[in-house]
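Data first, discussion second: the structure below is written as structure tokens.
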Amino acid sequence: MADVPSPLVTLTTDYGSGSGYPAQVKGVLLSAVPDLRIVDLSHGIPAFDLLAGALLLEACVPWYPPEAIHLAVVDPGVGTARRAVCVVDASGRRLVGPDNGLFTPFLVPGSRVFALSDDAVVPQPARPTFHGRDLFAPVAAWLAGGGPPERLGPLVPDPVRLRWPEPQREAGGLRGEVLLADPFGNLLTSLRSVHLPSGPLAVEVAGRPARVVRTYGDARVAELVALVGSSGRLEIAIREGSAARVLGLGRGASVTVRRAG
């Protein structure tokens, strides 16, 4: 009989990799579940940047086993009246954290959101400033130990959603926008592969043409190109360079796609 793998919890925060905050969260998790496996998705989310956190979760969470627990904290409203929740998406994945839009990609038909409110299961933090350690970590550990989400509290009918940029149709094509720059300076956009028309495409970013290629290596060094990256989103890139730095562009910059010719 095959061994049953130990529970798995992933961590996503804006705490910073050089801080002691992630280590404190891990201490709580391991004290509750000593054989727990912990994976750091990232502690480098820009401080308070909910959209960046949501996009990272969108890109990473689907690659993990459905039984994993995902603890995510980007929480500028920590300690206030903002709700604490567990999201169970349509595939049964469980995400624990603040109800501030961080889990927007998983609030789809078939998902359920439970308030963290049952005093028999959910701790009441003595201090209001570190819910990642004092509230969310104990709940994630409880779920990893087999606790059912339904025990945490009532369903939340109106979870907070971020404004989720979607491409807009315009004469002759689509207009999207830059969402963020990745560590290589590639600009990820709101345009997904499913949005793109078939056939040869013409792409412009802030009015500058970008040649459409299949992969980075198909570009000439320092050439501005567009391609569908591993996330399934259209990216603007410069081979062996940073499109974000060279173009001086960031979130909100306009990207247009049309059929070539």
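Ordered as shown in the structure tokens, chains take letters A, B, and onward, while each chain numbers its residues from 1 and ligands are numbered from 1 in the order shown.
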
Would you please extract all strand (DSSP E or B) residues from segment 1-195 of chain A, as assigned by DSSP on the backbone, and give them as a PyMOL selection string? chain A and resi 8-13+37-42+69-73+84-88+94-98+112-115+155+168-170+173-181+187-192

Generate the output file for the selected residues, C-alpha atoms, as a CSV table (one decimal), in the first residue's frame.
chain,number,residue,atom,x,y,z
A,8,LEU,CA,0.8,20.5,1.8
A,9,VAL,CA,0.5,24.3,2.4
A,10,THR,CA,1.7,27.0,0.1
A,11,LEU,CA,2.6,30.5,1.2
A,12,THR,CA,2.2,33.7,-0.7
A,13,THR,CA,2.8,37.1,1.0
A,37,ARG,CA,5.1,20.2,3.7
A,38,ILE,CA,5.4,24.0,3.1
A,39,VAL,CA,6.1,25.6,-0.3
A,40,ASP,CA,6.9,29.3,-0.6
A,41,LEU,CA,5.2,30.5,-3.8
A,42,SER,CA,6.5,34.0,-3.1
A,69,ILE,CA,-4.0,24.5,1.2
A,70,HIS,CA,-3.0,27.9,-0.1
A,71,LEU,CA,-2.3,30.6,2.6
A,72,ALA,CA,-2.1,34.0,1.0
A,73,VAL,CA,-1.6,37.3,2.8
A,84,ALA,CA,-11.3,36.7,6.8
A,85,VAL,CA,-12.3,33.9,4.5
A,86,CYS,CA,-11.6,30.4,3.1
A,87,VAL,CA,-12.3,30.2,-0.6
A,88,VAL,CA,-13.2,26.7,-2.0
A,94,ARG,CA,-8.8,25.8,-0.6
A,95,LEU,CA,-7.4,29.3,-0.2
A,96,VAL,CA,-7.2,31.1,3.2
A,97,GLY,CA,-6.6,34.8,3.7
A,98,PRO,CA,-8.3,38.2,3.7
A,112,ARG,CA,-17.9,28.8,-2.2
A,113,VAL,CA,-16.5,31.3,0.3
A,114,PHE,CA,-16.7,30.7,4.1
A,115,ALA,CA,-16.2,33.4,6.7
A,155,LEU,CA,-21.1,31.2,3.5
A,168,GLN,CA,-12.1,45.7,-25.0
A,169,ARG,CA,-13.2,45.3,-28.6
A,170,GLU,CA,-12.6,48.2,-30.8
A,173,GLY,CA,-9.1,44.5,-33.0
A,174,LEU,CA,-8.7,44.4,-29.3
A,175,ARG,CA,-7.3,46.8,-26.7
A,176,GLY,CA,-5.8,45.5,-23.5
A,177,GLU,CA,-3.4,46.8,-20.9
A,178,VAL,CA,-0.2,45.9,-19.1
A,179,LEU,CA,-0.9,44.3,-15.7
A,180,LEU,CA,2.6,43.9,-14.3
A,181,ALA,CA,6.3,43.4,-15.2
A,187,LEU,CA,5.2,43.0,-19.5
A,188,LEU,CA,2.2,40.7,-18.8
A,189,THR,CA,-1.1,41.9,-20.3
A,190,SER,CA,-4.8,41.5,-19.8
A,191,LEU,CA,-4.9,39.8,-23.3
A,192,ARG,CA,-5.1,36.0,-23.1

Find the residues around Thr129 of chain A up to 12 Å (only C-alpha atoms counted), leave out those fewer than 4 positions away in its own chain, and share them as a CSV table (one decimal) with N, CA and C atoms, in the first residue's frame.
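Printed below is result_12.csv as written:
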chain,number,residue,atom,x,y,z
A,21,TYR,N,9.0,37.4,9.1
A,21,TYR,CA,7.6,37.2,9.2
A,21,TYR,C,7.2,35.8,8.6
A,75,ASP,N,-2.4,42.2,2.7
A,75,ASP,CA,-3.5,42.6,3.6
A,75,ASP,C,-3.3,44.0,4.2
A,76,PRO,N,-3.5,45.1,3.3
A,76,PRO,CA,-3.4,46.4,3.8
A,76,PRO,C,-4.4,46.8,4.9
A,77,GLY,N,-5.5,46.0,5.0
A,77,GLY,CA,-6.6,46.3,5.9
A,77,GLY,C,-6.5,45.4,7.2
A,78,VAL,N,-5.3,44.8,7.4
A,78,VAL,CA,-5.2,43.9,8.6
A,78,VAL,C,-5.7,44.5,9.9
A,79,GLY,N,-6.5,43.7,10.6
A,79,GLY,CA,-7.0,44.2,11.9
A,79,GLY,C,-8.2,45.1,11.8
A,80,THR,N,-8.7,45.4,10.6
A,80,THR,CA,-9.9,46.2,10.5
A,80,THR,C,-11.1,45.3,10.4
A,125,PRO,N,-7.2,36.5,17.4
A,125,PRO,CA,-5.9,37.0,17.7
A,125,PRO,C,-5.9,38.0,18.8
A,133,ARG,N,0.1,35.2,10.9
A,133,ARG,CA,0.6,34.3,11.9
A,133,ARG,C,-0.5,33.8,12.8
A,134,ASP,N,-1.3,34.8,13.3
A,134,ASP,CA,-2.2,34.5,14.4
A,134,ASP,C,-3.6,34.1,14.1
A,135,LEU,N,-4.0,34.2,12.8
A,135,LEU,CA,-5.4,33.8,12.4
A,135,LEU,C,-5.3,32.9,11.2

Counting only C-alpha atoms, the residue of A:Val28, A:Pro46, A:Pro183, A:Pro65 that sits nearest Pro5 of chain A: A:Pro65

With only C-alpha atoms as the counted atoms, please give the residues lying no more than 10 Å from Leu196 of chain A, apart from itself and same-chain residues fewer than 3 positions off, as a VMD selection string. chain A and resid 167 173 to 174 191 to 193 199 201 228 233 to 234 257 to 259

Among the residues A:Arg251, A:Phe103, A:Val25, A:Ala226, the one that comes closest to Arg208 of chain A [using only C-alpha atoms]: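 Nearest to Arg208 of chain A: A:Ala226.
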
List every residue of segment 201-255 of chain A that DSSP, applied to the backbone of this structure, places in alpha helix (DSSP H), and write the result as a list of chain:residue names.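 After running DSSP on the backbone, segment 201-255 of chain A has alpha helix (DSSP H) at A:Ala243, A:Ala244, A:Arg245, A:Val246, A:Leu247.
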
With distances taken over only C-alpha atoms, which of A:Phe184, A:Tyr216, A:Trp142, A:Trp164 is nearest to Ala32 of chain A? A:Trp142

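Across the model, the gap from atom CA of Gly132 of chain A to atom CA of Gly16 of chain A is 13.3 Å.
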
Would you pick out the contacts of Val122 of chain A at 7 Å or less, using only C-alpha atoms, so that residues sharing its chain but fewer than 5 positions from it are not included, and give the list as a ChimeraX atom specification? /A:116-117,139,152

The residue from A:His195, A:Asn186, A:Ala253, A:Ala120 with the smallest atom-to-atom distance to Glu240 of chain A, counting only C-alpha atoms, is A:Asn186

Which is closest to Ser198 of chain A among A:Leu224, A:Leu249, A:Ala260, A:Asp158, if we use only C-alpha atoms?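 Answer, going by the shortest atom-to-atom distance: A:Ala260.
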
Who sits within 6 Å of Val203 of chain A, only C-alpha atoms, same chain under 6 positions skipped, as a PyMOL selection string: chain A and resi 209-210+256-257

Asp218 of chain A: which residues within 9 Å, counting only C-alpha atoms, same-chain residues fewer than 4 positions away excluded, as a short mmCIF file (atom, residue, chain, number, x, y, z; two decimals) with N, CA and C atoms, in the first residue's frame?
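File produced: part.cif:
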data_model
loop_
_atom_site.label_atom_id
_atom_site.label_comp_id
_atom_site.auth_asym_id
_atom_site.auth_seq_id
_atom_site.Cartn_x
_atom_site.Cartn_y
_atom_site.Cartn_z
N VAL A 213 6.15 36.69 -32.03
CA VAL A 213 7.02 35.53 -32.16
C VAL A 213 6.44 34.38 -31.33
N ARG A 214 6.97 33.18 -31.54
CA ARG A 214 6.51 32.00 -30.81
C ARG A 214 7.15 31.90 -29.45
N ARG A 239 14.22 40.67 -26.10
CA ARG A 239 15.12 39.54 -25.89
C ARG A 239 16.40 40.00 -25.19
#

Using only C-alpha atoms, pick whichever of A:Gly241, A:Gly146, A:Pro197, A:Gly110 has the shortest atom-to-atom distance to Gly172 of chain A.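 Of all the options, A:Pro197 lies closest to Gly172 of chain A.
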
Could you state the separation of atom CA of Ser17 of chain A and atom CA of His131 of chain A in Å, given to one decimal place? 17.9 Å
